[in-house]
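A.B. asks: Got a structure for you, model16.cif, holding mmCIF, C-alpha atoms and all ligand atoms.
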data_run
#
loop_
_atom_site.label_atom_id
_atom_site.label_comp_id
_atom_site.auth_asym_id
_atom_site.auth_seq_id
_atom_site.Cartn_x
_atom_site.Cartn_y
_atom_site.Cartn_z
CA MET A 1 8.75 13.79 5.58
CA MET A 2 8.07 16.77 3.33
CA THR A 3 4.79 18.67 3.49
CA VAL A 4 3.28 20.22 0.35
CA ASP A 5 3.95 23.98 0.33
CA ASP A 6 1.13 26.50 -0.11
CA GLN A 7 2.06 27.47 -3.67
CA THR A 8 2.18 23.84 -4.86
CA LEU A 9 -1.06 23.12 -3.05
CA ARG A 10 -2.79 26.01 -4.82
CA THR A 11 -1.58 24.65 -8.18
CA MET A 12 -2.82 21.17 -7.27
CA VAL A 13 -6.23 22.47 -6.17
CA ASP A 14 -6.57 24.33 -9.49
CA ALA A 15 -5.63 21.15 -11.40
CA ALA A 16 -8.10 19.02 -9.41
CA ARG A 17 -10.89 21.57 -9.88
CA ARG A 18 -10.21 21.75 -13.61
CA ALA A 19 -10.15 17.94 -13.86
CA SER A 20 -13.55 17.72 -12.15
CA GLU A 21 -15.07 19.67 -15.03
CA ALA A 22 -14.40 16.64 -17.28
CA ALA A 23 -16.06 14.18 -14.87
CA TYR A 24 -18.30 11.66 -16.63
CA CYS A 25 -20.93 11.12 -13.95
CA PRO A 26 -24.42 10.93 -15.54
CA TYR A 27 -25.58 8.42 -12.88
CA SER A 28 -24.42 9.99 -9.61
CA ARG A 29 -24.09 13.59 -10.85
CA PHE A 30 -21.24 13.72 -8.31
CA ARG A 31 -18.27 15.41 -9.98
CA VAL A 32 -14.84 14.63 -8.59
CA GLY A 33 -11.42 15.85 -9.66
CA ALA A 34 -8.04 14.76 -8.36
CA ALA A 35 -4.44 15.89 -8.78
CA VAL A 36 -1.35 13.90 -7.87
CA LEU A 37 2.09 15.35 -7.17
CA GLY A 38 5.20 13.41 -8.18
CA GLU A 39 8.62 13.52 -6.52
CA ASP A 40 9.86 15.76 -9.36
CA GLY A 41 7.06 18.30 -8.87
CA ALA A 42 4.95 17.19 -11.85
CA ILE A 43 1.18 17.35 -11.32
CA VAL A 44 -1.28 15.04 -13.10
CA GLY A 45 -5.07 15.33 -12.96
CA GLY A 46 -7.96 12.89 -13.26
CA CYS A 47 -11.73 12.77 -12.96
CA ASN A 48 -14.29 10.10 -12.12
CA VAL A 49 -15.57 8.07 -15.05
CA GLU A 50 -18.84 6.21 -14.52
CA ASN A 51 -20.36 3.35 -16.49
CA ALA A 52 -23.90 2.18 -17.27
CA SER A 53 -22.99 -1.02 -15.42
CA TYR A 54 -22.39 1.19 -12.33
CA GLY A 55 -19.83 -1.18 -10.79
CA LEU A 56 -17.16 -0.36 -13.38
CA THR A 57 -17.04 3.26 -12.27
CA SER A 58 -13.52 4.48 -11.62
CA CYS A 59 -12.80 7.29 -9.16
CA ALA A 60 -10.96 10.51 -9.92
CA GLU A 61 -8.07 9.59 -7.62
CA ARG A 62 -7.37 6.26 -9.31
CA ASN A 63 -7.72 7.75 -12.79
CA ALA A 64 -5.25 10.50 -11.88
CA ILE A 65 -2.78 7.96 -10.50
CA PHE A 66 -3.05 5.66 -13.52
CA ALA A 67 -2.55 8.62 -15.87
CA ALA A 68 0.50 9.65 -13.82
CA VAL A 69 1.97 6.15 -13.97
CA ALA A 70 1.42 6.13 -17.75
CA GLN A 71 3.59 9.26 -17.83
CA GLY A 72 6.34 7.55 -15.89
CA MET A 73 5.50 8.84 -12.40
CA THR A 74 5.86 6.00 -9.92
CA ALA A 75 6.39 7.90 -6.65
CA ILE A 76 3.58 10.10 -5.37
CA ARG A 77 4.06 12.77 -2.70
CA ALA A 78 0.51 14.07 -2.44
CA VAL A 79 -3.05 13.71 -3.71
CA VAL A 80 -5.64 16.48 -3.79
CA VAL A 81 -9.32 15.58 -4.12
CA PHE A 82 -11.81 18.26 -5.17
CA THR A 83 -15.59 17.92 -4.94
CA PRO A 84 -18.00 20.77 -5.76
CA THR A 85 -19.71 20.28 -2.40
CA ALA A 86 -20.06 22.26 0.81
CA THR A 87 -17.89 19.85 2.79
CA PRO A 88 -14.76 17.91 1.74
CA THR A 89 -14.75 14.20 0.83
CA ALA A 90 -12.06 11.66 1.75
CA PRO A 91 -10.91 9.06 -0.82
CA CYS A 92 -12.73 5.71 -0.91
CA GLY A 93 -11.07 2.55 0.36
CA ALA A 94 -10.12 1.28 -3.11
CA CYS A 95 -8.36 4.56 -3.90
CA ARG A 96 -6.53 4.50 -0.57
CA GLN A 97 -5.14 1.08 -1.52
CA VAL A 98 -4.03 2.32 -4.95
CA ILE A 99 -2.45 5.45 -3.43
CA HIS A 100 -0.51 3.16 -1.05
CA GLU A 101 1.19 1.42 -3.97
CA PHE A 102 2.90 4.62 -5.17
CA GLY A 103 2.75 6.91 -2.13
CA PRO A 104 2.64 4.98 1.14
CA GLY A 105 3.40 8.18 3.05
CA ALA A 106 1.53 10.57 0.74
CA GLU A 107 -0.33 13.60 1.98
CA ILE A 108 -4.04 13.47 1.17
CA ILE A 109 -5.81 16.82 0.98
CA SER A 110 -9.55 17.07 0.33
CA VAL A 111 -10.97 20.42 -0.76
CA CYS A 112 -14.41 21.62 -1.80
CA GLU A 113 -16.39 24.78 -2.52
CA GLY A 114 -16.60 25.56 1.18
CA PRO A 115 -13.72 26.63 3.43
CA ASP A 116 -13.27 23.24 5.14
CA ARG A 117 -10.34 20.99 4.22
CA LEU A 118 -9.28 17.51 5.28
CA ARG A 119 -5.53 16.95 5.51
CA ALA A 120 -4.05 13.59 6.45
CA ARG A 121 -1.24 11.17 5.67
CA LEU A 122 -2.10 7.89 4.00
CA PRO A 123 -1.09 5.74 7.03
CA GLU A 124 -3.83 7.51 9.03
CA LEU A 125 -6.39 6.65 6.33
CA LEU A 126 -5.15 3.10 5.69
CA PRO A 127 -3.37 1.75 8.76
CA GLY A 128 -1.63 -1.61 8.50
CA ALA A 129 -1.89 -1.59 4.70
CA PHE A 130 -1.15 -4.52 2.43
CA GLY A 131 1.50 -3.40 -0.05
CA PRO A 132 4.42 -4.38 -2.27
CA ARG A 133 6.52 -5.35 0.76
CA SER A 134 3.84 -7.77 1.92
CA LEU A 135 4.77 -9.94 -1.06
CA ASP A 136 8.44 -10.07 -0.03
CA PRO A 137 9.30 -13.66 0.99
CA ALA A 138 11.53 -12.20 3.74
CA ASP A 139 8.35 -10.94 5.44
CA ASP A 140 6.77 -14.42 5.48
CA PRO A 141 6.29 -15.35 9.15
CA LYS A 142 6.45 -19.08 8.22
CA ARG A 143 9.77 -18.81 6.32
CA PRO A 144 12.42 -21.31 7.39
CA LEU A 145 14.96 -19.65 9.74
CA ALA A 146 18.35 -18.96 8.01
N1 LIG B 1 -15.91 9.16 -6.40
C1 LIG B 1 -14.64 9.59 -6.70
O1 LIG B 1 -14.31 9.82 -7.87
N2 LIG B 1 -13.78 9.76 -5.68
C2 LIG B 1 -14.08 9.62 -4.36
O2 LIG B 1 -13.23 9.83 -3.50
C3 LIG B 1 -15.42 9.19 -3.97
C4 LIG B 1 -16.34 8.82 -5.08
C5 LIG B 1 -16.88 9.06 -7.50
C6 LIG B 1 -17.31 7.68 -7.87
C7 LIG B 1 -18.68 7.96 -8.48
O3 LIG B 1 -18.52 8.33 -9.83
C8 LIG B 1 -19.20 9.14 -7.72
O4 LIG B 1 -18.06 9.75 -7.12
C9 LIG B 1 -20.21 8.81 -6.65
O5 LIG B 1 -19.73 7.86 -5.78
#
Take the structure in the file and write it out as structure tokens.
C.D. replies:
Amino acid sequence: MMTVDDQTLRTMVDAARRASEAAYCPYSRFRVGAAVLGEDGAIVGGCNVENASYGLTSCAERNAIFAAVAQGMTAIRAVVVFTPTATPTAPCGACRQVIHEFGPGAEIISVCEGPDRLRARLPELLPGAFGPRSLDPADDPKRPLA
């Protein structure tokens, strides 16, 4: 499985940082930016968008992925999350599930203003995930044999 090279990672971190500047977060004041890397090398950014109803808030990671899918990217190699904090932040559970749909083996890299980084593969963050294959009738344990 390929690992994101340093040059690509720098470009992704820049994209995630830039995306965080557009964050709409008047309630939490917690700015987040994300960048996703497609199989073809394209990079798409996204930021968190909050709502007065609070619960309709959508995270930077999901917004980046949905924007990427709208551009035709359906296979994701890596996700970078940027927060302007002293320590890095891992993606929330809902975002892990959405990442799984398009990048079940994706690298997840969290960066911040400080020097610390988190670097993991999605299966470490979401073991035993429910995914597209779970809907395959061939995986049904109660299916009739042959
Ligand atoms: N948030 C993200 O955008 N990504 C994360 O990984 C964690 C949380 C947003 C949601 C909300 O707008 C704010 O950060 C505080 O939770």
A.B. asks: I want to know what sits within 12 Å of A:Ala52, based on all atoms listed in the file, with residues of the same chain fewer than 2 positions away left out; could you give that as a list in words?
C.D. replies: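 The neighbour list is Tyr24, Cys25, Pro26, Tyr27, Ser28, Val49, Glu50, Tyr54, Gly55, Leu56 and Thr57 of chain A.
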A.B. asks: Any residue with an atom at most 10 Å from ligand LIG 1 (chain B) counts, using all atoms listed in the file. Which are they? Put them as a ChimeraX atom specification.
C.D. replies: /A:20,23-34,46-51,54-64,81-83,88-96,110
A.B. asks: Rank nothing, just name the residue among A:Leu9, A:Ala138, A:Ala86, A:Ala78 nearest to A:Leu122, using all atoms listed in the file.
C.D. replies: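 Among A:Leu9, A:Ala138, A:Ala86, A:Ala78, it is A:Ala78 that comes nearest to A:Leu122.
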A.B. asks: Nearest residue to A:Thr3 out of A:Ile108, A:Ala129, A:Val69, A:Ala19, using all atoms listed in the file?
C.D. replies: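 Closest candidate: A:Ile108.
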A.B. asks: One number please: atom CA of A:Met73 to atom CA of A:Ile99, in Å, one decimal.
C.D. replies: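 The value is 12.5 Å.
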A.B. asks: Considering only C-alpha atoms, can you say which of A:Pro115, A:Val36, A:Val80, A:Thr85 comes closest to A:Phe66?
C.D. replies: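 Under the stated criterion, the closest residue is A:Val36.
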A.B. asks: Please measure the separation of atom CA of A:Met12 and atom CA of A:Val44, giving the value in Å to one decimal.
C.D. replies: 8.6 Å
A.B. asks: With all atoms listed in the file as the counted atoms, please give the residues lying no more than 10 Å from A:Ile43, apart from itself and same-chain residues fewer than 2 positions off, as number ranges by chain.
C.D. replies: A: 8, 11-12, 15-16, 35-41, 45, 64, 68, 73, 76, 78-79
A.B. asks: Counting only C-alpha atoms, which residues have an atom no more than 10 Å from (8.0, -2.1, -4.5) in the file's coordinates? Please list them as a ChimeraX atom specification.
C.D. replies: /A:74,101-102,131-136
A.B. asks: Please report the interatomic distance between atom CA of A:Arg18 and atom CA of A:Glu124 in Å with one decimal.
C.D. replies: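 These two atoms are separated by 27.5 Å.
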